[in-house]
Amino acid sequence: MSKVYPSAQAALEGVVASGQTVAVGGFGLCGIPEALIAALRDSGVNGLTCISNNAGVDGFGLGLLLETRQIKKMIASYVGENKEFERQFLSGELEVELTPQGTLAEKLRAGGAGIPAFFTQTGVGTLVAEGKETREFNGKEYVMEHSLTADVALVKAWKADPTGNLVFRKTARNFNPDVATAGRITVVEVEELVETGALDPDHIHLPGIYVHRIVVNASPEKRIEQRTVREA
């Protein structure tokens, strides 16, 4: 059964709603589902809790949803490239849960694997551990972290077949596989759709069982976050 939808808007129809938790793949602007993010903005849903390593930049990526005040809470690791994020956070308009990057990745991976919590040394003795259970293993202290799941996961992949088997391209693999498994409903934006059976099973990064809907965006913008050029 084909999971392909004609547009990003159609792929989100009947899936997104106000008040949901939405996990979004990508690292900085690398491997972000930019068409799906724009469609989420255009859907008008609000009061969202967004889980993503970054919060986009001003005017692009999740920055679009911050500009329209559709995000109520961000669970993220690095948020330093977005002035609107900074303004909303400092003014108390945006709730923020900063999470160490490796811990965030494991929270999503564990959530997708059905593991409710895990222990890690990251954050022990810091603000990260305040109010959390700690336990000693082999003479070292660990803090318990709860896993993360989402109502909807928005993912960017390179190739897909109609059944949802995915291949990610190079560093765009980043958070996308973990985000995909953590979503109750996973919607994937791909650059290339191939026939069923065209993907070598040994080269598939994520099996289609995790994917519910697919939309093709053959010409993404792929904006560069920090452009550095030589002088003429």
# chains A, B, ... in the order shown; residues from 1 in each chain; ligands from 1
call {"tool": "residues_around", "arguments": {"residues": "range 72-78 of chain A", "least_positions_apart": "6", "cutoff": "10 Å", "atoms": "only C-alpha atoms", "output": "VMD selection string"}}
result
chain A and resid 19 21 to 23 27 to 28 46 to 56 65 to 66 85 89 93 to 105 148
call {"tool": "select_by_dssp", "arguments": {"residues": "range 73-145 of chain A", "states": "strand (DSSP E)", "output": "ChimeraX atom specification"}}
result
/A:73-76,95-98,117-120,134-137,140-145
call {"tool": "write_last_selection", "arguments": {"atoms": "N, CA and C atoms", "output": "short mmCIF file (atom, residue, chain, number, x, y, z; two decimals), in the first residue's frame"}}
result
data_model
loop_
_atom_site.label_atom_id
_atom_site.label_comp_id
_atom_site.auth_asym_id
_atom_site.auth_seq_id
_atom_site.Cartn_x
_atom_site.Cartn_y
_atom_site.Cartn_z
N LYS A 73 6.23 25.27 23.82
CA LYS A 73 7.37 24.75 24.57
C LYS A 73 8.36 24.11 23.61
N MET A 74 9.67 24.36 23.86
CA MET A 74 10.73 23.72 23.08
C MET A 74 11.53 22.80 23.99
N ILE A 75 11.72 21.57 23.54
CA ILE A 75 12.65 20.64 24.16
C ILE A 75 13.80 20.48 23.17
N ALA A 76 14.96 21.04 23.51
CA ALA A 76 16.03 21.15 22.53
C ALA A 76 17.38 21.10 23.21
N GLU A 95 8.28 28.38 26.89
CA GLU A 95 8.83 27.45 27.86
C GLU A 95 9.94 26.65 27.19
N VAL A 96 11.07 26.50 27.86
CA VAL A 96 12.23 25.83 27.26
C VAL A 96 12.76 24.76 28.20
N GLU A 97 13.00 23.59 27.66
CA GLU A 97 13.63 22.50 28.40
C GLU A 97 14.92 22.13 27.67
N LEU A 98 16.04 22.70 28.14
CA LEU A 98 17.32 22.41 27.51
C LEU A 98 17.83 21.05 27.96
N ALA A 117 12.65 4.88 30.54
CA ALA A 117 13.65 5.72 31.19
C ALA A 117 15.00 5.01 31.15
N PHE A 118 16.06 5.76 31.44
CA PHE A 118 17.41 5.20 31.44
C PHE A 118 18.27 6.04 32.38
N PHE A 119 19.43 5.51 32.74
CA PHE A 119 20.37 6.22 33.60
C PHE A 119 21.60 6.66 32.80
N THR A 120 22.06 7.88 33.05
CA THR A 120 23.23 8.42 32.37
C THR A 120 24.05 9.25 33.34
N THR A 134 18.58 9.93 41.21
CA THR A 134 19.95 9.52 40.92
C THR A 134 20.21 8.17 41.58
N ARG A 135 21.16 7.43 41.03
CA ARG A 135 21.48 6.11 41.56
C ARG A 135 22.94 5.81 41.28
N GLU A 136 23.54 5.01 42.15
CA GLU A 136 24.95 4.66 42.00
C GLU A 136 25.09 3.29 41.36
N PHE A 137 25.93 3.22 40.33
CA PHE A 137 26.27 1.96 39.69
C PHE A 137 27.78 1.85 39.62
N LYS A 140 29.78 4.86 40.62
CA LYS A 140 29.59 6.14 39.94
C LYS A 140 28.12 6.53 40.00
N GLU A 141 27.88 7.85 40.06
CA GLU A 141 26.51 8.35 40.18
C GLU A 141 25.91 8.60 38.80
N TYR A 142 24.65 8.21 38.66
CA TYR A 142 23.92 8.38 37.41
C TYR A 142 22.60 9.07 37.70
N VAL A 143 22.10 9.78 36.70
CA VAL A 143 20.80 10.45 36.81
C VAL A 143 19.80 9.76 35.88
N MET A 144 18.58 9.61 36.34
CA MET A 144 17.57 8.97 35.52
C MET A 144 16.89 9.99 34.62
N GLU A 145 16.81 9.65 33.35
CA GLU A 145 16.15 10.50 32.36
C GLU A 145 14.98 9.73 31.75
#
call {"tool": "residues_around", "arguments": {"residues": "range 193-196 of chain A", "least_positions_apart": "4", "cutoff": "10 Å", "atoms": "only C-alpha atoms", "output": "list in words"}}
result
Ser2, Val4, Trp158, Lys159, Ala160, Asp161, Pro162, Thr163, Gly164, Asn165, Leu166, Ile214, Val215, Val216, Asn217 and Ala218 of chain A
call {"tool": "write_last_selection", "arguments": {"atoms": "C-alpha atoms", "output": "PDB file, in the first residue's frame"}}
result
ATOM      1  CA  SER A   2       1.423   3.367  -1.046  1.00  0.00           C
ATOM      2  CA  VAL A   4       2.717   8.755  -0.711  1.00  0.00           C
ATOM      3  CA  TRP A 158      16.936  11.278   0.910  1.00  0.00           C
ATOM      4  CA  LYS A 159      15.175   8.326  -0.702  1.00  0.00           C
ATOM      5  CA  ALA A 160      12.069   6.309   0.014  1.00  0.00           C
ATOM      6  CA  ASP A 161      10.000   3.650  -1.676  1.00  0.00           C
ATOM      7  CA  PRO A 162       6.183   3.749  -1.554  1.00  0.00           C
ATOM      8  CA  THR A 163       6.107   1.468   1.499  1.00  0.00           C
ATOM      9  CA  GLY A 164       8.238   3.897   3.518  1.00  0.00           C
ATOM     10  CA  ASN A 165      11.669   2.276   3.586  1.00  0.00           C
ATOM     11  CA  LEU A 166      14.129   5.149   4.019  1.00  0.00           C
ATOM     12  CA  ILE A 214       5.464  10.358   2.622  1.00  0.00           C
ATOM     13  CA  VAL A 215       5.683  13.552   0.581  1.00  0.00           C
ATOM     14  CA  VAL A 216       8.224  14.295  -2.154  1.00  0.00           C
ATOM     15  CA  ASN A 217      10.131  17.592  -2.082  1.00  0.00           C
ATOM     16  CA  ALA A 218      12.521  17.141  -4.989  1.00  0.00           C
TER      17      ALA A 218
END
call {"tool": "atom_distance", "arguments": {"atom1": "CA of Glu221 in chain A", "atom2": "CA of Ile32 in chain A"}}
result
10.4 Å
call {"tool": "residues_around", "arguments": {"residues": "Ser219 in chain A", "least_positions_apart": "4", "cutoff": "10 Å", "atoms": "only C-alpha atoms", "output": "MDAnalysis selection string"}}
result
chainID A and resid 190:192
call {"tool": "closest_residue", "arguments": {"among": "A:Val179, A:Ala232, A:Val57, A:Leu127", "to": "Leu154 in chain A", "atoms": "only C-alpha atoms"}}
result
A:Val179
call {"tool": "closest_residue", "arguments": {"among": "A:Ala110, A:Gln121, A:Gly26, A:Pro33", "to": "Glu189 in chain A", "atoms": "only C-alpha atoms"}}
result
A:Pro33
call {"tool": "select_by_dssp", "arguments": {"residues": "chain A", "states": "alpha helix (DSSP H)", "output": "MDAnalysis selection string"}}
result
chainID A and resid 8:12 34:43 63:67 83:90 101:113 176:182
call {"tool": "closest_residue", "arguments": {"among": "A:Thr181, A:Pro220, A:Arg230, A:Gln88", "to": "Gly208 in chain A", "atoms": "only C-alpha atoms"}}
result
A:Thr181
call {"tool": "atom_distance", "arguments": {"atom1": "CA of Leu62 in chain A", "atom2": "CA of Leu90 in chain A"}}
result
18.0 Å
